[in-house]
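Worksheet: the structure to be examined is printed underneath.
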Amino acid sequence: MLKKPQLLNYEGGLAYSRDARETLAKMAACCLVKEASFYENTTGKVFDLVRLVGRKDPKWLVKLAVFLREELKLRSIAQYITAVCLTLPEARGAVARAFDRLTPRLDDVLEIASLLKDGRYGLDPALPHAARTQFARKLNNLSEIDVLKYRRASRFGLKHLLSLVHPKPASAKQALLFRYAHSRKNWSRFKLEEYCALPQIMSYEELRRTPRRYTRKISGLIEEGKLLWEVVLPYAGASERTWAACAKSMPIMALIRNLRNLHRHGALKDPEIRCLVLEKITNRDVVLNSRLLPFRWLAAHRAVGDLDPEIGDALISALEISVENIPRFKGETFVACDNSGSMSWRTISSRSSLYPADIANLLGAMIFHLSESGSVSVFGSDFSVVPLSRKDSIMTNFAKISAFDIGWATYAYKVMQYLIAKKKRVDRIILLTDMIIYGSDEGDEGKEAFVNLLRVYRARINPEVKTYAINLQPYEYFISPADDLGVTTISGWSESILKYIECDSAMDGTGLADIVERIVL
């Protein structure tokens, strides 16, 4: 519900606060847990809301964790919510049904266990029985690669979880994996037939004993065992031959993330590796099946595009192909991309080369491409409609949007001023911003606040317009009240956002909390 007393955001703009479930959904959807936002670190507030909502509606909280993990691909906040749910008796049935969806990777399990064991963020350090049951079941599905990747000698890893849970092995191979994970010293006590039952670990152990100068033997062991680069490099070294051998078994996600490493160490000069890389990133089926976001391809292009134009061109082609996974929009769409100072202040995470403005402008170019009819604009201190062409590629239009110098302030109300002055009737308005919206110089309570001009537009031009404010930073206030008809605020920036806008549940202005409620466990 809207809190009647007026609130102001950090720049003095008009803002609104919403009920706990809605606020949690909005904030958690773009919460990277260990990353502070540009304006404040909202992690503590998210955690407080998780505990508050968990006491009142634990089943909904499990659904939120599933939504974050599956739809928005956010791991850390989903792991924390899962850990909280495992401590709530009322949530344990729901979390048991959803546990495989919440932990598709073994490191999801390890992080949840670590959160519980250490009592971090106010959690009970006593490992609940419900957690032990789920962990034991997951541990009996270990692969050799899981053991090699997650055993960990120092910080909390697989061997520590095994010591906590003491699972009963479901098969002879699982028993061997448990023994090896507990201690590598057990490997020397294995019998010949037990060695042969674990061929990947056997290749790994042989590689560890091989001097780095024997690069040919090392590359053979990597290829034979299909060993991951993460477990190989500490012992084999980062040579051209090592990276080339690792590249042969890399899934496409790992491949594009390591393109800079492959280039730096000369592996892309190997005709076989170069051909392998180009075949993967130019194969339409491989690109579409990877489900990688266009932003991943843009980040990879930023890393190697200038260093290797051929690979760079292939990455741009892959970006264009990846958009085919995203739904189309009927009717007239008007997109407004925030290019103010805060949008380029810092990258979206410490590991990324992309800024919020990059995300906004790429989304703008994508939406233009996917819309039946539409326009894209930029705003900051000034406002301008960007002349785009459907004949141009997404990247060409992205460059056009990014080229505008629009000033450092954030006058989003100018978007509505334009639409009202032009009497431009649109079916939906998509605002891509960090939610720090200024009013006019006359004050935010005046007639030029964004939401007030939106009401004017609805009254004079199109009362049925749908407005989507996409929040690209974790921030707890919103530019419109929750009950303002036709306004939906969404946090995060995966392609799932565009699915929400396209689907009926989003088109009727349903809140994000209600979308989460509809998830079937």
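Just so we're on the same page: first chain in the structure tokens is A, next is B, and so on; residues restart at 1 for each chain, and ligands are numbered from 1 in the order they show up.
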
(request) Just the residues within 12 Å of range 289-293 of chain A, please, counting only C-alpha atoms, with nothing from its chain fewer than 6 positions along; format it as a ChimeraX atom specification. (result) /A:71-73,251-257,280-281,283,299-300,315,318-326,359,362-363,366,493-498

(request) Would you list the contacts of Val66 in chain A as a PyMOL selection string, taking every protein, DNA or RNA residue within 9 Å and counting only C-alpha atoms, but skipping same-chain residues closer than 6 positions in sequence? (result) chain A and resi 78+82+98-99+101-102+516+519+521

(request) Please provide the set of residues having any atom within 10 Å of Asn261 in chain A, restricted to only C-alpha atoms, with same-chain residues fewer than 4 positions apart removed, written as a list of chain:residue names. (result)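 In the requested format, the answer is A:Ala238, A:Glu240, A:Trp243, A:Leu255, A:Ile256, A:Arg257, A:His265, A:Gly266, A:Ala267, A:Leu268, A:Ala303, A:Val304.
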
(message) With only C-alpha atoms as the counted atoms, please give the residues lying no more than 10 Å from Gly331 in chain A, apart from itself and same-chain residues fewer than 6 positions off, as a PyMOL selection string.
(response) chain A and resi 371-374+426-428

(request) Using CA of Leu262 in chain A and CA of Glu223 in chain A as the two end points, give the distance in Å to one decimal. (result)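 Value for the CA of Leu262 in chain A-CA of Glu223 in chain A distance: 16.3 Å.
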
(request) Rank nothing, just name the residue among A:Lys117, A:Arg132, A:Arg137, A:Arg21 nearest to Phe156 in chain A, using only C-alpha atoms. (result)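 Checking each candidate against Phe156 in chain A, we get A:Lys117 as the closest.
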
(message) So that I can check the secondary structure, give me every residue of range 259-428 of chain A assigned strand (DSSP E) by backbone DSSP, as JSON, numbers by chain.
(response) {"A": [329, 330, 331, 332, 333, 334, 335, 336, 337, 338, 371, 372, 373, 374, 375, 376, 377, 378, 379, 383, 384, 385, 386, 428]}

(message) I'd like the contact shell of Ile273 in chain A - 9 Å cut-off, only C-alpha atoms, skipping same-chain residues fewer than 4 positions apart - returned as a ChimeraX atom specification.
(response) /A:244-245,247-248,267-269,277-278

Spatial neighbours of range 457-460 of chain A, max dist 12 Å, only C-alpha atoms, sep filter under 3 positions, as a short mmCIF file (atom, residue, chain, number, x, y, z; two decimals) with N, CA and C atoms, in the first residue's frame:
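Here's the written file result06.cif:
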```cif
data_model
loop_
_atom_site.label_atom_id
_atom_site.label_comp_id
_atom_site.auth_asym_id
_atom_site.auth_seq_id
_atom_site.Cartn_x
_atom_site.Cartn_y
_atom_site.Cartn_z
N TYR A 413 10.91 14.10 -16.25
CA TYR A 413 9.63 14.73 -16.58
C TYR A 413 9.61 15.25 -18.02
N VAL A 415 10.44 13.69 -20.58
CA VAL A 415 9.87 12.62 -21.42
C VAL A 415 8.38 12.85 -21.59
N MET A 416 7.70 13.09 -20.47
CA MET A 416 6.26 13.30 -20.52
C MET A 416 5.90 14.64 -21.17
N GLN A 417 6.72 15.66 -20.93
CA GLN A 417 6.48 16.95 -21.59
C GLN A 417 6.46 16.77 -23.10
N TYR A 418 7.40 16.00 -23.63
CA TYR A 418 7.48 15.76 -25.07
C TYR A 418 6.23 15.06 -25.57
N LEU A 419 5.85 13.98 -24.90
CA LEU A 419 4.69 13.20 -25.35
C LEU A 419 3.41 14.03 -25.31
N ILE A 420 3.29 14.89 -24.29
CA ILE A 420 2.10 15.72 -24.19
C ILE A 420 2.10 16.81 -25.26
N ALA A 421 3.26 17.46 -25.45
CA ALA A 421 3.36 18.54 -26.44
C ALA A 421 3.09 18.02 -27.85
N LYS A 422 3.59 16.84 -28.15
CA LYS A 422 3.40 16.25 -29.49
C LYS A 422 2.07 15.53 -29.63
N LYS A 423 1.34 15.41 -28.52
CA LYS A 423 0.08 14.64 -28.49
C LYS A 423 0.30 13.26 -29.09
N LYS A 424 1.42 12.67 -28.71
CA LYS A 424 1.82 11.39 -29.27
C LYS A 424 1.16 10.25 -28.48
N ARG A 425 0.33 9.49 -29.14
CA ARG A 425 -0.38 8.40 -28.48
C ARG A 425 0.46 7.12 -28.59
N VAL A 426 0.81 6.57 -27.45
CA VAL A 426 1.59 5.33 -27.42
C VAL A 426 0.87 4.32 -26.53
N ASP A 427 1.15 3.04 -26.76
CA ASP A 427 0.53 1.98 -25.96
C ASP A 427 1.30 1.71 -24.68
N ARG A 428 2.59 1.94 -24.73
CA ARG A 428 3.40 1.71 -23.53
C ARG A 428 4.59 2.67 -23.51
N ILE A 429 4.96 3.08 -22.31
CA ILE A 429 6.15 3.88 -22.08
C ILE A 429 7.10 3.04 -21.24
N GLU A 448 5.39 19.67 -12.61
CA GLU A 448 6.30 19.05 -13.54
C GLU A 448 6.98 17.80 -13.00
N PHE A 450 7.45 13.90 -12.69
CA PHE A 450 7.19 12.90 -13.73
C PHE A 450 5.80 12.30 -13.58
N VAL A 451 5.47 11.84 -12.37
CA VAL A 451 4.21 11.13 -12.19
C VAL A 451 3.01 12.04 -12.41
N ASN A 452 3.13 13.34 -12.07
CA ASN A 452 2.03 14.28 -12.31
C ASN A 452 1.80 14.49 -13.80
N LEU A 453 2.88 14.60 -14.55
CA LEU A 453 2.75 14.76 -16.01
C LEU A 453 2.23 13.47 -16.65
N LEU A 454 2.57 12.34 -16.07
CA LEU A 454 2.03 11.08 -16.56
C LEU A 454 0.51 11.06 -16.40
N PRO A 463 -5.68 7.26 -21.77
CA PRO A 463 -5.88 6.77 -20.40
C PRO A 463 -5.49 5.31 -20.22
N GLU A 464 -5.27 4.58 -21.31
CA GLU A 464 -4.93 3.16 -21.24
C GLU A 464 -3.43 2.89 -21.35
N VAL A 465 -2.62 3.93 -21.42
CA VAL A 465 -1.18 3.72 -21.60
C VAL A 465 -0.62 2.92 -20.44
N LYS A 466 0.27 1.99 -20.74
CA LYS A 466 0.98 1.21 -19.74
C LYS A 466 2.38 1.80 -19.58
N THR A 467 2.77 2.06 -18.36
CA THR A 467 4.09 2.64 -18.09
C THR A 467 4.91 1.66 -17.28
N ASP A 484 -1.27 3.38 -8.64
CA ASP A 484 -1.45 4.26 -9.79
C ASP A 484 -1.68 3.40 -11.02
N LEU A 485 -2.89 3.39 -11.57
CA LEU A 485 -3.29 2.48 -12.64
C LEU A 485 -2.34 2.57 -13.83
N GLY A 486 -1.90 1.41 -14.29
CA GLY A 486 -1.08 1.36 -15.49
C GLY A 486 0.41 1.51 -15.25
N VAL A 487 0.86 1.66 -14.01
CA VAL A 487 2.28 1.82 -13.74
C VAL A 487 2.83 0.55 -13.09
#
```

(request) Report the residues of range 198-309 of chain A whose backbone DSSP state falls under helix (DSSP H, G or I), written as a ChimeraX atom specification. (result) /A:199-208,215-225,229-236,240-247,252-257,259-264,267-269,271-282,284-290,294-304,309

(message) Report, in Å to a single decimal, how far apart CA of Asp308 in chain A and CA of Leu388 in chain A are.
(response) 27.9 Å

(message) Considering only C-alpha atoms, can you say which of A:Ile222, A:Leu307, A:Val287, A:Ile430 comes closest to Glu332 in chain A?
(response) A:Ile430

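Minimum atom-to-atom distance to Ile201 in chain A, evaluated using only C-alpha atoms, belongs to A:Gly225 out of A:Gly407, A:Pro58, A:Gly225, A:Pro387.
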